[in-house]
Amino acid sequence: MSDFAPRDGEVVLAQEVAALKDRLYELERVVAGLAGDEALPAAGLEVLVCRIGEGRVALPLVAVQEVVPVAATAPLPEAPIWVQGLLDLRGEAVPVLDVAARIDRRQSKVAISDQVVVCRERGRSLGLLVHEVLGVQRFTAEDARGAGEADVPRAPWVRATLADTKGFVLLLSIGRLAATSDLPVAEAPGGRP
């Protein structure tokens, strides 16, 4: 037997960890459902629409700081597959999430044409790796599908499904995406997490 072959106990522990992660994901969905989604403003919501594979996601424009080309990131040990790593953005360490990997729950391949949308939520920066930035668009409450409906399954970090003439767009909650991505807790100014 090789020194690198997993022992029976390690395999069992790995299976238990995987089962616990699946359970945590389901509990996050339940908690998000209990908290309820904030209704879209009646006057509309401006979003930055991005392409992820064949699909599209929307990010609240008020949270978007800037868009930068994809760059090398420093890996975070034991991070989930959707955590790309840390981006050095003018001296600030910004965690970067691979949105396609988070949606598909499997690792995706980064292309040189990909972009990082840097968002700021509650004083913390977060980079979101996307395939292409399509532009700014306005959606109204009537454009939302499934917001607050219990029979429409979605991840806890998807605020609503929006519809336009090109199809559906997933409106992401930056705060929930960060909170459910197993990112290390950064210290806020003053030494508090």
# chains A, B, ... in the order shown; residues from 1 in each chain; ligands from 1
$ select_by_dssp --residues "stretch 40-160 of chain A" --states "helix (DSSP H, G or I)" --output "MDAnalysis selection string"
chainID A and resid 61:63 99:104 141:143
$ residues_around --residues "A:Asp182" --least-positions-apart "4" --cutoff "10 Å" --atoms "only C-alpha atoms" --output "list of chain:residue names"
A:Glu78, A:Ala79, A:Pro80, A:Trp82, A:Val83, A:Leu177, A:Ala178
$ write_last_selection --atoms "C-alpha atoms" --output "PDB file, in the first residue's frame"
ATOM      1  CA  GLU A  78      -8.256  24.646   1.970  1.00  0.00           C
ATOM      2  CA  ALA A  79     -10.611  27.111   0.316  1.00  0.00           C
ATOM      3  CA  PRO A  80     -13.621  25.714  -1.572  1.00  0.00           C
ATOM      4  CA  TRP A  82     -15.269  28.628  -5.945  1.00  0.00           C
ATOM      5  CA  VAL A  83     -12.714  30.725  -4.025  1.00  0.00           C
ATOM      6  CA  LEU A 177     -22.581  35.369  -1.473  1.00  0.00           C
ATOM      7  CA  ALA A 178     -19.684  36.455   0.739  1.00  0.00           C
TER       8      ALA A 178
END
$ select_by_dssp --residues "stretch 42-130 of chain A" --states "strand (DSSP E or B)" --output "ChimeraX atom specification"
/A:45-52,55-60,64-69,74,83-89,92-98,115-121,124-130
$ write_last_selection --atoms "N, CA and C atoms" --output "compact mmCIF listing (two decimals), in the first residue's frame"
# COMPACT_ATOMS: atom_id res chain seq x y z
N LEU A 45 -34.26 48.84 -10.12
CA LEU A 45 -32.94 48.56 -9.58
C LEU A 45 -31.95 48.53 -10.74
N GLU A 46 -30.90 49.34 -10.64
CA GLU A 46 -29.86 49.31 -11.66
C GLU A 46 -28.84 48.25 -11.28
N VAL A 47 -28.49 47.43 -12.26
CA VAL A 47 -27.57 46.32 -12.02
C VAL A 47 -26.51 46.29 -13.11
N LEU A 48 -25.39 45.65 -12.78
CA LEU A 48 -24.38 45.35 -13.77
C LEU A 48 -24.61 43.91 -14.19
N VAL A 49 -24.92 43.70 -15.47
CA VAL A 49 -25.21 42.36 -15.98
C VAL A 49 -23.92 41.76 -16.52
N CYS A 50 -23.64 40.51 -16.12
CA CYS A 50 -22.42 39.82 -16.54
C CYS A 50 -22.78 38.45 -17.10
N ARG A 51 -21.94 37.98 -18.03
CA ARG A 51 -22.13 36.65 -18.60
C ARG A 51 -21.30 35.66 -17.81
N ILE A 52 -21.94 34.53 -17.48
CA ILE A 52 -21.29 33.39 -16.84
C ILE A 52 -21.61 32.18 -17.71
N GLY A 55 -25.15 31.62 -19.23
CA GLY A 55 -26.11 32.34 -18.41
C GLY A 55 -25.66 33.75 -18.07
N ARG A 56 -26.55 34.47 -17.37
CA ARG A 56 -26.25 35.84 -16.96
C ARG A 56 -26.56 36.02 -15.49
N VAL A 57 -25.78 36.89 -14.85
CA VAL A 57 -26.02 37.27 -13.46
C VAL A 57 -26.06 38.79 -13.40
N ALA A 58 -26.72 39.31 -12.37
CA ALA A 58 -26.82 40.75 -12.17
C ALA A 58 -26.29 41.08 -10.78
N LEU A 59 -25.52 42.15 -10.71
CA LEU A 59 -24.97 42.63 -9.45
C LEU A 59 -25.50 44.04 -9.20
N PRO A 60 -26.02 44.31 -7.99
CA PRO A 60 -26.53 45.65 -7.71
C PRO A 60 -25.44 46.70 -7.99
N VAL A 64 -21.04 47.84 -6.85
CA VAL A 64 -19.91 47.67 -7.77
C VAL A 64 -18.95 48.86 -7.63
N GLN A 65 -17.66 48.53 -7.40
CA GLN A 65 -16.63 49.56 -7.32
C GLN A 65 -15.93 49.76 -8.66
N GLU A 66 -15.49 48.64 -9.24
CA GLU A 66 -14.75 48.71 -10.50
C GLU A 66 -14.68 47.33 -11.13
N VAL A 67 -14.27 47.31 -12.39
CA VAL A 67 -14.05 46.06 -13.12
C VAL A 67 -12.59 46.06 -13.55
N VAL A 68 -11.90 44.95 -13.25
CA VAL A 68 -10.48 44.84 -13.61
C VAL A 68 -10.27 43.55 -14.40
N PRO A 69 -9.22 43.53 -15.24
CA PRO A 69 -8.93 42.29 -15.97
C PRO A 69 -8.54 41.19 -14.98
N ALA A 74 -3.34 34.93 -5.22
CA ALA A 74 -2.64 34.07 -4.26
C ALA A 74 -3.64 33.06 -3.74
N VAL A 83 -13.56 29.63 -4.49
CA VAL A 83 -12.71 30.72 -4.02
C VAL A 83 -11.44 30.70 -4.87
N GLN A 84 -11.33 31.66 -5.77
CA GLN A 84 -10.20 31.72 -6.70
C GLN A 84 -8.90 32.05 -5.97
N GLY A 85 -8.98 32.90 -4.95
CA GLY A 85 -7.80 33.29 -4.18
C GLY A 85 -7.88 34.76 -3.81
N LEU A 86 -6.73 35.32 -3.43
CA LEU A 86 -6.66 36.73 -3.05
C LEU A 86 -6.01 37.52 -4.17
N LEU A 87 -6.63 38.63 -4.53
CA LEU A 87 -6.13 39.54 -5.55
C LEU A 87 -5.51 40.73 -4.84
N ASP A 88 -4.29 41.09 -5.23
CA ASP A 88 -3.65 42.30 -4.69
C ASP A 88 -4.13 43.47 -5.53
N LEU A 89 -5.06 44.25 -4.98
CA LEU A 89 -5.62 45.39 -5.70
C LEU A 89 -5.11 46.67 -5.04
N GLU A 92 -4.56 46.22 -1.37
CA GLU A 92 -5.65 45.60 -0.60
C GLU A 92 -5.81 44.15 -1.05
N ALA A 93 -5.85 43.24 -0.08
CA ALA A 93 -6.08 41.83 -0.39
C ALA A 93 -7.57 41.61 -0.55
N VAL A 94 -7.99 41.34 -1.80
CA VAL A 94 -9.40 41.18 -2.11
C VAL A 94 -9.67 39.71 -2.45
N PRO A 95 -10.53 39.02 -1.67
CA PRO A 95 -10.88 37.65 -2.04
C PRO A 95 -11.67 37.64 -3.34
N VAL A 96 -11.38 36.67 -4.21
CA VAL A 96 -12.05 36.57 -5.51
C VAL A 96 -12.81 35.26 -5.56
N LEU A 97 -14.11 35.36 -5.84
CA LEU A 97 -14.96 34.19 -5.99
C LEU A 97 -15.21 33.93 -7.46
N ASP A 98 -15.13 32.69 -7.86
CA ASP A 98 -15.44 32.28 -9.22
C ASP A 98 -16.94 32.00 -9.28
N GLN A 115 -13.00 38.64 -16.41
CA GLN A 115 -12.89 39.91 -15.69
C GLN A 115 -13.26 39.70 -14.23
N VAL A 116 -12.77 40.60 -13.38
CA VAL A 116 -13.10 40.58 -11.97
C VAL A 116 -13.90 41.84 -11.66
N VAL A 117 -15.13 41.65 -11.18
CA VAL A 117 -15.96 42.77 -10.76
C VAL A 117 -15.72 42.92 -9.26
N VAL A 118 -15.17 44.05 -8.88
CA VAL A 118 -14.88 44.31 -7.47
C VAL A 118 -16.08 45.03 -6.87
N CYS A 119 -16.67 44.39 -5.84
CA CYS A 119 -17.84 44.94 -5.16
C CYS A 119 -17.47 45.27 -3.72
N ARG A 120 -18.22 46.16 -3.13
CA ARG A 120 -18.00 46.51 -1.73
C ARG A 120 -19.32 46.39 -1.00
N GLU A 121 -19.31 45.59 0.06
CA GLU A 121 -20.51 45.35 0.86
C GLU A 121 -20.10 45.39 2.33
N ARG A 124 -16.38 45.80 3.14
CA ARG A 124 -15.46 44.75 2.72
C ARG A 124 -15.52 44.60 1.20
N SER A 125 -14.34 44.50 0.58
CA SER A 125 -14.28 44.30 -0.87
C SER A 125 -14.31 42.81 -1.19
N LEU A 126 -14.94 42.50 -2.32
CA LEU A 126 -15.05 41.13 -2.79
C LEU A 126 -14.97 41.17 -4.31
N GLY A 127 -14.10 40.34 -4.88
CA GLY A 127 -13.99 40.25 -6.33
C GLY A 127 -14.81 39.08 -6.84
N LEU A 128 -15.53 39.29 -7.93
CA LEU A 128 -16.34 38.24 -8.54
C LEU A 128 -15.81 38.00 -9.95
N LEU A 129 -15.31 36.78 -10.18
CA LEU A 129 -14.78 36.41 -11.48
C LEU A 129 -15.95 36.09 -12.41
N VAL A 130 -16.02 36.82 -13.52
CA VAL A 130 -17.08 36.61 -14.52
C VAL A 130 -16.43 36.46 -15.89
$ atom_distance --atom1 "atom CA of A:Arg105" --atom2 "atom CA of A:Gly167"
22.4 Å
$ atom_distance --atom1 "atom CA of A:Val136" --atom2 "atom CA of A:Val158"
18.4 Å
$ atom_distance --atom1 "atom CA of A:Arg7" --atom2 "atom CA of A:Pro77"
22.3 Å
